[in-house]
Structure formats: structure tokens, C-alpha cells
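K.L.:
One file is attached below, query.txt, containing compact mmCIF, C-alpha atoms.
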```txt
# COMPACT_ATOMS: atom_id res chain seq x y z
CA MET K 17 4.98 -27.86 -0.22
CA SER K 18 1.30 -27.33 0.46
CA GLU K 19 -0.15 -23.84 0.35
CA HIS K 20 -2.20 -24.66 3.37
CA GLU K 21 0.68 -25.96 5.40
CA ALA K 22 -0.14 -25.17 9.00
CA ALA K 23 2.34 -25.00 11.81
CA THR K 24 1.18 -26.03 15.22
CA HIS K 25 3.64 -23.61 16.81
CA GLY K 26 4.85 -26.14 19.33
CA HIS K 27 2.29 -25.14 21.94
CA ALA K 28 0.46 -28.42 21.91
CA ASP K 29 3.46 -29.93 23.69
CA HIS K 30 2.73 -28.07 26.90
CA GLY K 31 -0.29 -29.98 27.98
CA HIS K 32 -2.77 -27.18 27.32
CA ALA K 33 -4.68 -29.05 24.63
CA ASP K 34 -7.41 -30.03 27.06
CA HIS K 35 -8.07 -26.34 27.80
CA GLY K 36 -9.03 -25.61 24.22
CA HIS K 37 -6.18 -23.28 23.31
CA GLY K 38 -3.30 -25.65 22.93
CA ASP K 39 -4.25 -27.13 19.58
CA HIS K 40 -4.62 -23.90 17.62
CA GLY K 41 -2.94 -23.66 14.25
CA HIS K 42 -2.51 -20.62 12.05
CA HIS K 43 -1.42 -20.81 8.47
CA VAL K 44 2.28 -20.28 7.99
CA ILE K 45 2.65 -19.21 4.39
CA PRO K 46 5.64 -21.17 3.02
CA GLN K 47 8.83 -19.28 2.15
CA ALA K 48 8.68 -20.57 -1.43
CA LYS K 49 5.18 -19.13 -1.86
CA LEU K 50 6.28 -15.71 -0.56
CA LEU K 51 9.35 -15.66 -2.83
CA GLN K 52 7.28 -16.75 -5.82
CA THR K 53 4.76 -13.96 -5.10
CA PHE K 54 7.59 -11.43 -4.88
CA PHE K 55 8.97 -12.47 -8.29
CA ILE K 56 5.51 -12.34 -9.89
CA LEU K 57 5.07 -8.82 -8.46
CA MET K 58 8.46 -7.78 -9.88
CA ALA K 59 7.58 -9.25 -13.28
CA LEU K 60 4.27 -7.38 -13.25
CA MET K 61 6.08 -4.15 -12.30
CA ILE K 62 8.36 -4.54 -15.34
CA ALA K 63 5.35 -5.49 -17.48
CA THR K 64 3.51 -2.33 -16.46
CA VAL K 65 6.50 -0.12 -17.38
CA VAL K 66 6.79 -1.83 -20.78
CA ALA K 67 3.02 -1.73 -21.34
CA ALA K 68 2.93 2.02 -20.73
CA ARG K 69 5.46 2.54 -23.54
CA LEU K 70 3.65 0.48 -26.18
CA PRO K 71 1.87 2.36 -28.95
CA TYR K 72 -1.86 1.81 -28.67
CA GLU K 73 -3.80 2.41 -31.86
CA GLY K 74 -7.44 3.31 -31.98
CA GLY K 75 -8.84 3.36 -28.48
CA ILE K 76 -12.37 2.63 -27.36
CA LYS K 77 -15.36 4.85 -28.18
CA GLY K 78 -13.21 7.84 -29.02
CA ILE K 79 -11.08 7.67 -25.87
CA PRO K 80 -7.56 7.23 -27.25
CA SER K 81 -5.93 6.07 -24.02
CA ALA K 82 -8.68 3.66 -22.96
CA ILE K 83 -6.79 0.46 -23.85
CA ALA K 84 -3.59 1.65 -22.16
CA TRP K 85 -5.54 2.60 -19.03
CA LEU K 86 -7.26 -0.79 -18.95
CA VAL K 87 -3.90 -2.57 -19.26
CA LEU K 88 -2.16 -0.43 -16.60
CA LEU K 89 -5.02 -0.59 -14.11
CA GLY K 90 -5.53 -4.29 -14.83
CA ILE K 91 -1.91 -4.98 -13.88
CA ALA K 92 -2.22 -2.72 -10.82
CA PHE K 93 -5.31 -4.62 -9.59
CA TRP K 94 -3.55 -7.91 -10.26
CA LYS K 95 -0.58 -6.80 -8.14
CA ALA K 96 -2.89 -5.47 -5.43
CA GLY K 97 -4.73 -8.80 -5.39
CA LEU K 98 -1.47 -10.71 -4.89
CA VAL K 99 -0.39 -8.42 -2.05
CA VAL K 100 -3.77 -8.66 -0.29
CA GLN K 101 -4.24 -12.40 -0.80
CA ILE K 102 -0.71 -13.71 -0.19
CA PHE K 103 1.42 -11.09 1.61
CA MET K 104 -1.46 -9.91 3.81
CA GLY K 105 -2.64 -13.51 4.05
CA VAL K 106 -6.33 -12.79 3.49
CA LYS K 107 -6.58 -15.96 1.36
CA TYR K 108 -5.68 -18.04 4.43
CA SER K 109 -7.59 -16.00 7.00
CA THR K 110 -10.94 -16.47 8.74
CA LYS K 111 -14.28 -15.50 7.21
CA LEU K 112 -14.65 -12.50 9.52
CA THR K 113 -11.26 -11.15 8.43
CA LYS K 114 -12.23 -11.64 4.77
CA LEU K 115 -15.47 -9.74 5.38
CA TYR K 116 -13.55 -6.73 6.74
CA ALA K 117 -10.77 -6.90 4.16
CA TYR K 118 -12.98 -7.20 1.07
CA GLY K 119 -15.72 -5.01 2.56
CA GLY K 120 -13.42 -1.99 2.58
CA PHE K 121 -12.58 -2.33 -1.10
CA VAL K 122 -16.23 -2.88 -2.04
CA TRP K 123 -17.21 0.20 -0.02
CA VAL K 124 -14.58 2.45 -1.63
CA THR K 125 -15.73 1.20 -5.06
CA LEU K 126 -19.29 2.32 -4.24
CA LEU K 127 -17.87 5.71 -3.27
CA GLY K 128 -16.01 5.86 -6.60
CA VAL K 129 -19.24 5.25 -8.50
CA THR K 130 -20.49 8.66 -7.34
CA LEU K 131 -17.75 10.19 -9.50
CA PHE K 132 -19.74 9.31 -12.64
CA ASP K 133 -21.85 12.32 -11.71
CA TYR K 134 -18.88 14.68 -11.77
CA ALA K 135 -17.33 13.00 -14.79
CA THR K 136 -20.40 13.31 -16.99
CA ARG K 137 -21.46 16.92 -16.48
CA GLN K 138 -19.94 20.28 -17.19
CA LEU K 139 -17.82 21.88 -14.49
CA GLU K 140 -19.12 25.21 -13.27
CA PRO K 141 -17.30 28.04 -15.07
CA VAL K 142 -14.68 29.69 -12.86
CA GLN K 143 -12.66 32.80 -13.73
CA GLY K 144 -9.29 31.66 -15.05
CA TRP K 145 -10.52 28.10 -15.42
CA GLU K 146 -11.98 28.27 -18.89
CA PRO K 147 -12.30 24.94 -20.72
CA VAL K 148 -8.97 23.64 -21.91
CA ALA K 149 -8.85 23.72 -25.72
CA GLU K 150 -6.22 21.01 -26.08
CA SER K 151 -8.09 18.40 -24.05
CA ALA K 152 -8.25 15.15 -25.98
CA LEU K 153 -11.61 14.21 -24.56
CA PRO K 154 -15.06 15.33 -25.68
CA ARG K 155 -16.80 17.17 -22.85
CA MET F 9 5.01 -13.64 34.22
CA ALA F 10 1.30 -12.91 34.15
CA ALA F 11 -1.12 -15.62 35.14
CA HIS F 12 -4.17 -16.82 33.28
CA ALA F 13 -6.71 -15.01 35.39
CA HIS F 14 -9.74 -16.74 33.89
CA ASP F 15 -8.78 -20.37 34.32
CA GLY F 16 -6.20 -20.18 37.04
CA HIS F 17 -3.38 -21.66 34.96
CA LEU F 18 0.04 -20.12 34.68
CA ARG F 19 1.01 -19.79 31.07
CA SER F 20 4.21 -21.37 29.92
CA PRO F 21 6.95 -18.97 28.76
CA ASP F 22 6.21 -19.35 25.05
CA MET F 23 2.44 -19.62 25.35
CA PRO F 24 0.68 -16.41 24.34
CA GLU F 25 -1.58 -15.15 27.08
CA VAL F 26 -5.31 -15.46 26.40
CA TYR F 27 -7.08 -12.46 27.88
CA PRO F 28 -10.25 -13.18 29.86
CA GLN F 29 -12.63 -11.69 27.28
CA PHE F 30 -11.59 -14.28 24.65
CA GLU F 31 -12.66 -17.89 24.27
CA ASP F 32 -9.27 -19.07 23.07
CA ILE F 33 -6.06 -17.91 21.40
CA ASP F 34 -7.55 -18.24 17.89
CA GLN F 35 -10.39 -15.88 18.71
CA GLN F 36 -7.99 -13.46 20.36
CA GLN F 37 -5.67 -13.38 17.36
CA GLU F 38 -8.57 -13.05 14.92
CA THR F 39 -9.84 -10.08 16.93
CA TYR F 40 -6.49 -8.30 16.61
CA ILE F 41 -6.27 -8.97 12.87
CA VAL F 42 -9.88 -7.87 12.26
CA GLY F 43 -9.20 -4.72 14.31
CA MET F 44 -6.19 -3.95 12.14
CA TRP F 45 -8.29 -4.45 9.02
CA ALA F 46 -10.93 -2.09 10.41
CA PHE F 47 -8.16 0.52 10.63
CA LEU F 48 -6.97 -0.33 7.12
CA VAL F 49 -10.51 0.13 5.79
CA ASN F 50 -10.26 3.68 7.15
CA GLU F 51 -7.01 4.09 5.27
CA VAL F 52 -8.60 2.73 2.09
CA MET F 53 -11.40 5.28 2.48
CA PHE F 54 -8.75 7.96 3.05
CA PHE F 55 -6.55 7.24 0.01
CA GLY F 56 -9.32 5.97 -2.28
CA PRO F 57 -11.05 9.35 -2.79
CA LEU F 58 -7.69 11.03 -3.41
CA PHE F 59 -7.13 8.60 -6.28
CA PHE F 60 -10.69 9.20 -7.46
CA ILE F 61 -10.12 12.96 -7.56
CA TYR F 62 -6.91 12.41 -9.47
CA GLY F 63 -8.71 10.06 -11.87
CA LEU F 64 -11.49 12.59 -12.43
CA TYR F 65 -9.09 15.42 -13.33
CA ALA F 66 -6.90 13.09 -15.39
CA TRP F 67 -10.08 12.29 -17.32
CA LYS F 68 -11.15 15.93 -17.70
CA HIS F 69 -7.67 17.23 -18.60
CA ASN F 70 -6.19 14.16 -20.21
CA ALA F 71 -3.80 15.86 -22.65
CA VAL F 72 -2.37 18.34 -20.12
CA PHE F 73 -1.91 15.63 -17.47
CA TYR F 74 -0.13 13.49 -20.05
CA VAL F 75 2.39 16.22 -20.83
CA THR F 76 2.84 17.21 -17.18
CA SER F 77 3.18 13.65 -15.90
CA HIS F 78 6.18 13.22 -18.20
CA HIS F 79 8.07 15.69 -16.04
CA LEU F 80 8.23 12.84 -13.51
CA ASP F 81 10.96 10.24 -14.04
CA TYR F 82 9.36 6.81 -14.36
CA LYS F 83 12.76 5.15 -13.78
CA ILE F 84 12.92 6.59 -10.25
CA GLY F 85 9.31 5.50 -9.74
CA ALA F 86 10.17 1.97 -10.90
CA LEU F 87 13.20 1.88 -8.59
CA ASN F 88 11.06 2.93 -5.64
CA THR F 89 8.43 0.34 -6.59
CA THR F 90 11.14 -2.34 -6.52
CA ILE F 91 12.36 -1.16 -3.12
CA LEU F 92 8.83 -1.26 -1.67
CA LEU F 93 8.16 -4.73 -3.13
CA ILE F 94 11.40 -6.03 -1.57
CA SER F 95 10.44 -4.49 1.78
CA SER F 96 6.96 -6.00 1.55
CA TRP F 97 8.46 -9.44 0.92
CA MET F 98 10.80 -8.93 3.91
CA VAL F 99 7.88 -8.06 6.18
CA ALA F 100 5.97 -11.12 4.97
CA MET F 101 9.09 -13.18 5.80
CA ALA F 102 9.28 -11.53 9.24
CA VAL F 103 5.73 -12.75 9.97
CA HIS F 104 6.69 -16.19 8.64
CA TYR F 105 9.70 -16.39 10.97
CA HIS F 106 7.72 -15.05 13.92
CA GLN F 107 5.15 -17.82 13.45
CA LYS F 108 8.07 -20.24 13.68
CA ASN F 109 9.40 -18.32 16.71
CA GLN F 110 12.77 -17.49 15.06
CA LEU F 111 13.06 -14.05 16.62
CA LYS F 112 16.58 -13.26 15.41
CA LYS F 113 15.47 -13.68 11.79
CA VAL F 114 12.32 -11.62 12.49
CA CYS F 115 14.49 -8.70 13.62
CA ASN F 116 16.81 -9.07 10.60
CA MET F 117 13.87 -8.96 8.20
CA LEU F 118 12.32 -5.97 10.02
CA TRP F 119 15.66 -4.13 9.88
CA GLY F 120 15.82 -4.89 6.16
CA ALA F 121 12.36 -3.46 5.65
CA ALA F 122 13.24 -0.35 7.70
CA VAL F 123 16.35 0.20 5.54
CA CYS F 124 14.22 -0.19 2.39
CA GLY F 125 11.68 2.31 3.71
CA THR F 126 14.43 4.79 4.51
CA ALA F 127 15.98 4.30 1.06
CA PHE F 128 12.56 4.93 -0.50
CA LEU F 129 12.21 8.20 1.39
CA ALA F 130 15.79 9.28 0.57
CA ILE F 131 15.32 8.62 -3.17
CA LYS F 132 11.97 10.42 -3.11
CA LEU F 133 13.38 13.42 -1.28
CA ILE F 134 16.73 13.80 -3.05
CA PHE F 135 15.93 12.80 -6.63
CA GLU F 136 12.25 13.74 -6.91
CA TRP F 137 11.05 16.44 -4.55
CA ALA F 138 14.28 18.46 -4.24
CA PRO F 139 14.65 19.10 -8.02
CA LYS F 140 10.95 19.99 -8.24
CA PHE F 141 11.31 22.51 -5.42
CA ASP F 142 14.39 23.90 -7.22
CA HIS F 143 12.36 24.30 -10.40
CA GLY F 144 9.58 26.02 -8.48
CA LEU F 145 7.08 23.26 -9.19
CA PHE F 146 5.62 23.23 -5.67
CA PRO F 147 2.10 24.65 -6.09
CA THR F 148 2.45 28.00 -4.32
CA PRO F 149 1.39 31.41 -5.73
CA GLY F 150 3.34 32.24 -8.88
CA PHE F 151 3.50 28.58 -9.93
CA GLN F 152 2.20 29.29 -13.42
CA SER F 153 4.95 31.79 -14.29
CA ARG F 154 7.65 29.53 -12.80
CA TYR F 155 6.29 26.60 -14.80
CA LEU F 156 6.38 28.62 -18.04
CA ALA F 157 9.93 29.78 -17.22
CA TYR F 158 11.15 26.24 -16.65
CA TYR F 159 9.26 24.13 -19.21
CA GLY F 160 8.12 26.77 -21.68
CA ALA F 161 4.55 26.89 -22.92
CA ASP F 162 4.30 23.14 -23.50
CA THR F 163 0.89 22.95 -21.86
CA ASN F 164 -1.70 24.77 -19.75
CA PRO F 165 0.12 25.86 -16.54
CA ASP F 166 -3.17 26.17 -14.58
CA VAL F 167 -3.86 22.50 -15.09
CA ALA F 168 -0.18 21.64 -14.56
CA ARG F 169 -0.52 23.29 -11.16
CA LEU F 170 -3.50 21.06 -10.43
CA PHE F 171 -1.41 18.03 -11.36
CA PHE F 172 1.47 19.02 -9.09
CA SER F 173 -0.92 19.87 -6.22
CA MET F 174 -2.22 16.32 -6.33
CA TYR F 175 1.25 14.88 -6.91
CA PHE F 176 2.62 16.51 -3.75
CA ALA F 177 -0.53 15.81 -1.71
CA ILE F 178 -0.77 12.11 -2.55
CA THR F 179 2.95 11.22 -2.66
CA GLY F 180 3.42 13.36 0.47
CA LEU F 181 0.73 11.48 2.39
CA HIS F 182 2.17 8.21 1.16
CA ALA F 183 5.68 9.26 2.25
CA LEU F 184 4.29 10.17 5.68
CA HIS F 185 2.91 6.63 5.92
CA VAL F 186 6.31 5.22 4.91
CA LEU F 187 8.01 7.32 7.59
CA ILE F 188 5.54 6.13 10.26
CA GLY F 189 6.09 2.56 9.06
CA VAL F 190 9.87 2.83 9.45
CA LEU F 191 9.48 4.23 12.98
CA ILE F 192 7.09 1.39 13.88
CA PHE F 193 9.61 -1.17 12.55
CA VAL F 194 12.32 0.22 14.84
CA TRP F 195 9.88 0.31 17.78
CA LEU F 196 8.76 -3.29 17.14
CA ILE F 197 12.35 -4.57 16.90
CA ARG F 198 13.05 -2.91 20.25
CA LEU F 199 9.98 -4.49 21.83
CA ILE F 200 10.88 -7.95 20.49
CA LYS F 201 14.39 -7.65 21.91
CA LYS F 202 13.63 -5.97 25.26
CA ARG F 203 10.05 -6.85 26.16
CA PRO F 204 9.27 -10.56 25.75
CA ASP F 205 6.37 -10.01 28.16
CA VAL F 206 4.67 -7.76 25.60
CA ILE F 207 5.47 -9.66 22.39
CA THR F 208 4.13 -13.12 23.25
CA ASP F 209 3.17 -14.22 19.75
CA TYR F 210 3.44 -13.27 16.07
CA VAL F 211 0.35 -11.02 16.02
CA PRO F 212 2.14 -7.67 16.61
CA THR F 213 4.46 -8.43 13.68
CA GLU F 214 1.44 -9.47 11.60
CA MET F 215 -0.35 -6.17 12.37
CA VAL F 216 2.70 -4.04 11.53
CA GLY F 217 3.07 -6.17 8.39
CA LEU F 218 -0.54 -5.50 7.36
CA TYR F 219 0.09 -1.77 7.69
CA TRP F 220 3.26 -1.96 5.60
CA HIS F 221 1.59 -4.03 2.87
CA PHE F 222 -1.12 -1.39 2.73
CA VAL F 223 1.55 1.28 2.17
CA ASP F 224 2.89 -0.90 -0.65
CA LEU F 225 -0.66 -1.26 -2.00
CA VAL F 226 -1.07 2.52 -2.25
CA TRP F 227 2.18 2.80 -4.19
CA ILE F 228 1.11 -0.01 -6.56
CA PHE F 229 -1.70 2.29 -7.76
CA LEU F 230 0.21 5.53 -7.39
CA PHE F 231 3.04 4.39 -9.68
CA PRO F 232 1.08 3.79 -12.91
CA LEU F 233 -1.36 6.65 -12.26
CA PHE F 234 1.32 9.31 -11.86
CA TYR F 235 4.45 8.01 -13.57
CA LEU F 236 3.14 5.93 -16.46
CA MET F 237 0.19 8.01 -17.64
CA PRO F 238 -0.83 6.98 -21.13
CA LYS F 239 -1.63 9.57 -23.78
```
Just dump the structure as C-alpha cells.

P.N.:
Amino acid sequence: MSEHEAATHGHADHGHADHGHGDHGHHVIPQAKLLQTFFILMALMIATVVAARLPYEGGIKGIPSAIAWLVLLGIAFWKAGLVVQIFMGVKYSTKLTKLYAYGGFVWVTLLGVTLFDYATRQLEPVQGWEPVAESALPR
Amino acid sequence: MAAHAHDGHLRSPDMPEVYPQFEDIDQQQETYIVGMWAFLVNEVMFFGPLFFIYGLYAWKHNAVFYVTSHHLDYKIGALNTTILLISSWMVAMAVHYHQKNQLKKVCNMLWGAAVCGTAFLAIKLIFEWAPKFDHGLFPTPGFQSRYLAYYGADTNPDVARLFFSMYFAITGLHALHVLIGVLIFVWLIRLIKKRPDVITDYVPTEMVGLYWHFVDLVWIFLFPLFYLMPK
């Protein structure tokens, strides 16, 4: 079954084709593709639970949980990509739809970049909010 | 039945009406889908910063967040993830059937998704929030002493309070979206059954589907960030 299988919806039979809106076709994502996507998502869900329980030795640049975070977020982005591309059908949609769909995620990423500022400087001291001694991270 | 005002043709019963401002049905449907995505971009900008704030504090207070996040049961989180993934698949199938004009199957799939959404909320409420309210873990004044009484001095209760504030804020907003989604499913099923003049093609189902997949998307990030926090 082709991924790009298009259904013509049966409208072309009504003699409207000469008016320009009888021959439209939108992509019907095949049942098999949707089921396959669901099973991949389930497998990734199980993988993420298992991955969170693995012992990670070392870490990166003194951050002990860095590898675990990369694995967990990597799987999360993989799942999100499948949902957006297949279930939400962005892969099969028009260029304008893609612009809106991807644009939002690009925009929120730019917003997230501003957090480097907060992440890399000292928080202002607040009564009762003294630095936490047991924090694992250098600050 | 409404007439095609712009070209003077009556539309056939299963032909979606093209409104006069659109060139053709493709442009009309694209406009609806793009409009829905414009709304979803708003939602992304709404949930995104909440996750960023959580990420920032998880970074600053890594050890405390690790201990506190283990008061959440990842098995319940995994069960709810499964339920949402099933519901998302059902909604995708509903769109598939609507494109093939099999309305009975569309309604069945939408009902299935509504049941999944309700189950998600019930599990969240009964097995997650209710015990936390019982243990006094809702971040109201006196949280710190209640936390110490329940869990002992296993970590910094000030930061634990921060964790639970964000836990209730983000899962609460997500649950509100699930609730709205379930209500929209029921409303859409009713429209499909009673108002064939309103639901003339698959686009309403597609738009509701996009919303529901977004709700699933939020949970896909929420689950590892809150329930599976690494040390």
C-alpha cells in the first residue's frame, strides 16, 4: 500500500470536474500506516520507561544525568515527530500547513534559547531560598 | 440544502459546499487546517514556556527534583500514556474513515477516544491527585511541614513545593485540555449524527483530531519530564 495513496472521495462522479472542485484529492493515510505508527509509539513508550531505569555511568562535562536526559528527550522528540508527521498528517499536507506547523516549534525553540540566560547566572538571593547544598550541579 | 451562491450550481448531497471566498474545495480545506494550526501554535507557545520553566528548575535543583519526582508513580504515568496513544490512534482512524465517508465508523472511533479521555482523567484524579491531596502535597501554605510529616526529611521541602506547584499547574492544564477534548468529541458525534448540513466533509473531524493529537503531544513530553526524571 502506498504512503501517498490518495482517495478521490467519489466527488468526481457528480459532473463537477469542469468547475475545478470535482477532482480534488486529499491524502488518506492508510490504516496499516496508522496502526504501524501506533505500535512504534507504544514501543518507544516502553523504551523510554526502560531507558530511565538504566544505570548511566559518567555523564557529560560533570553533569551526571546528561546522557539519561539526552536519551529520554531524544525518544520524546522521536515520538512527537511521529505524531506530528503521521497522526496529524503534516507529512502529507500542503506547504502552507507545513510552514505553520513547523514554524510554531521553531518559534518556541527560539523562546527556549532565552533560558540560557537564567540557567547560567546566579539567582537573586531570597529569604528562605538560600542555595540548596545537596544540588548535584555546579552553580 | 444551501446553494452554491458564487457559481449558481446546487451542490449534490455529499459535495462539501465551497464558500464564495474560496477558489475551490482544496483551498477551503487548507484554510481550515492552517487556521487550526495557527491556534495550535498558540498552544505550543502556551505549554512550551511551562516546560522551559520546569526544565530550568530541574536543572538548578536537580537532586531535589530527582527525589521528589520519585513520589510520582511512573506505572500510572505509563498507563495514561498508553491510553492517550490509543485514543490518538482512534482519532487518526476517525479522520481516515471520515475521508472515506464511513460515518458510523467515525462515530465509533470518536466514542472510543472520548472513553479513553475519560479513563485518563479518572485515573489521574483517583490514583494520582486524590492521594496527593490526602498527603497534603498540594502547594498551599504549610506545605513544607506536611511534606516533612509525610516523607520525612528526605529532601529540601521548599524545592519539593516548587516541584509540586509545577506538577499541579502543568498536569492540571493538560487535564483541562483533555476534558475540553472529550466534550468536543461528544459535540462532534452529535453534529455528525444530527446535522449533516453542518458536517459536509472530513475537515471538522480533522480539526478536532489535530487538537487531540496536540494534547497527546504535550503528554509525550510531560511523561518523561515528570515521571521518569533521571538522577

K.L.:
Within 8 Å of chain K, which residues of chain F show up? Give each one with its shortest atom-to-atom distance in Å (one decimal) and the two atoms involved, counting only C-alpha atoms, rows by chain then rising residue number, as a Markdown table.

P.N.:
```
| residue | atom | partner | partner_atom | distance |
| --- | --- | --- | --- | --- |
| F:Ser20 | CA | K:His30 | CA | 7.5 |
| F:Asp22 | CA | K:His27 | CA | 7.7 |
| F:Met23 | CA | K:His27 | CA | 6.5 |
| F:Asp32 | CA | K:His37 | CA | 5.2 |
| F:Ile33 | CA | K:His37 | CA | 5.7 |
| F:Asp34 | CA | K:His40 | CA | 6.4 |
| F:Glu38 | CA | K:Thr113 | CA | 7.3 |
| F:Ile41 | CA | K:Thr113 | CA | 7.0 |
| F:Val42 | CA | K:Thr113 | CA | 5.2 |
| F:Trp45 | CA | K:Ala117 | CA | 6.0 |
| F:Ala46 | CA | K:Tyr116 | CA | 6.5 |
| F:Val49 | CA | K:Gly120 | CA | 4.8 |
| F:Asn50 | CA | K:Gly120 | CA | 7.9 |
| F:Val52 | CA | K:Gly120 | CA | 6.8 |
| F:Met53 | CA | K:Val124 | CA | 5.9 |
| F:Gly56 | CA | K:Val124 | CA | 6.4 |
| F:Pro57 | CA | K:Gly128 | CA | 7.2 |
| F:Phe60 | CA | K:Gly128 | CA | 6.3 |
| F:Leu64 | CA | K:Ala135 | CA | 6.3 |
| F:Trp67 | CA | K:Leu153 | CA | 7.6 |
| F:Lys68 | CA | K:Leu153 | CA | 7.1 |
| F:His69 | CA | K:Ser151 | CA | 5.6 |
| F:Asn70 | CA | K:Ser151 | CA | 6.0 |
| F:Ala71 | CA | K:Ser151 | CA | 5.2 |
| F:Val72 | CA | K:Ser151 | CA | 6.9 |
| F:Ala86 | CA | K:Met61 | CA | 7.5 |
| F:Thr89 | CA | K:Met61 | CA | 7.6 |
| F:Thr90 | CA | K:Met58 | CA | 6.9 |
| F:Leu93 | CA | K:Phe54 | CA | 6.9 |
| F:Ile94 | CA | K:Phe54 | CA | 7.4 |
| F:Ser96 | CA | K:Phe103 | CA | 7.5 |
| F:Trp97 | CA | K:Phe54 | CA | 6.2 |
| F:Ala100 | CA | K:Phe103 | CA | 5.7 |
| F:Met101 | CA | K:Gln47 | CA | 7.1 |
| F:His104 | CA | K:Val44 | CA | 6.0 |
| F:Gln107 | CA | K:Val44 | CA | 6.6 |
| F:Lys108 | CA | K:His25 | CA | 6.4 |
| F:Asn109 | CA | K:His25 | CA | 7.8 |
| F:Asn164 | CA | K:Val148 | CA | 7.7 |
| F:Asp166 | CA | K:Trp145 | CA | 7.6 |
| F:Gly217 | CA | K:Met104 | CA | 7.4 |
| F:Leu218 | CA | K:Met104 | CA | 5.7 |
| F:His221 | CA | K:Met104 | CA | 6.7 |
| F:Leu225 | CA | K:Ala96 | CA | 5.9 |
| F:Ile228 | CA | K:Ala92 | CA | 6.0 |
| F:Phe229 | CA | K:Ala92 | CA | 5.9 |
| F:Pro232 | CA | K:Leu88 | CA | 6.5 |
| F:Leu236 | CA | K:Ala68 | CA | 5.8 |
| F:Met237 | CA | K:Ala68 | CA | 7.3 |
| F:Pro238 | CA | K:Ser81 | CA | 5.9 |
| F:Lys239 | CA | K:Ser81 | CA | 5.5 |
```

K.L.:
Mind working out the centre and edge lengths of an axis-aligned box for stretch 216-228 of chain F, all listed atoms inside, 5 Å added to each side, rounded to one decimal in Å and written as AutoDock Vina command-line options?

P.N.:
```
--center_x 1.1 --center_y -1.7 --center_z 2.5 --size_x 14.4 --size_y 19.0 --size_z 28.1
```

K.L.:
Given all atoms listed in the file as the basis, pick out the residue of K:Gln52, K:Tyr108, K:Ala63, K:Arg137 nearest to K:Val87.

P.N.:
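For K:Val87, the nearest of the given residues is K:Ala63.
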
K.L.:
Atom CA of F:Leu111 and atom CA of F:Thr213, how far apart in Å?

P.N.:
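Spanning atom CA of F:Thr213 to atom CA of F:Leu111 is a straight-line distance of 10.7 Å.
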
K.L.:
Rounded to one decimal place, report the atom CA of F:Ala138-atom CA of F:Asp224 distance in Å.

P.N.:
22.7 Å

K.L.:
Would you mind reading off the distance between atom CA of F:Gln36 and atom CA of F:Ile188, one decimal, in Å?

P.N.:
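Separation between atom CA of F:Gln36 and atom CA of F:Ile188: 25.9 Å.
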
K.L.:
Would you mind listing what lies within 8 Å of F:Met98 as a count of residues only, with all atoms listed in the file counted and same-chain residues fewer than 3 positions away left out?

P.N.:
8
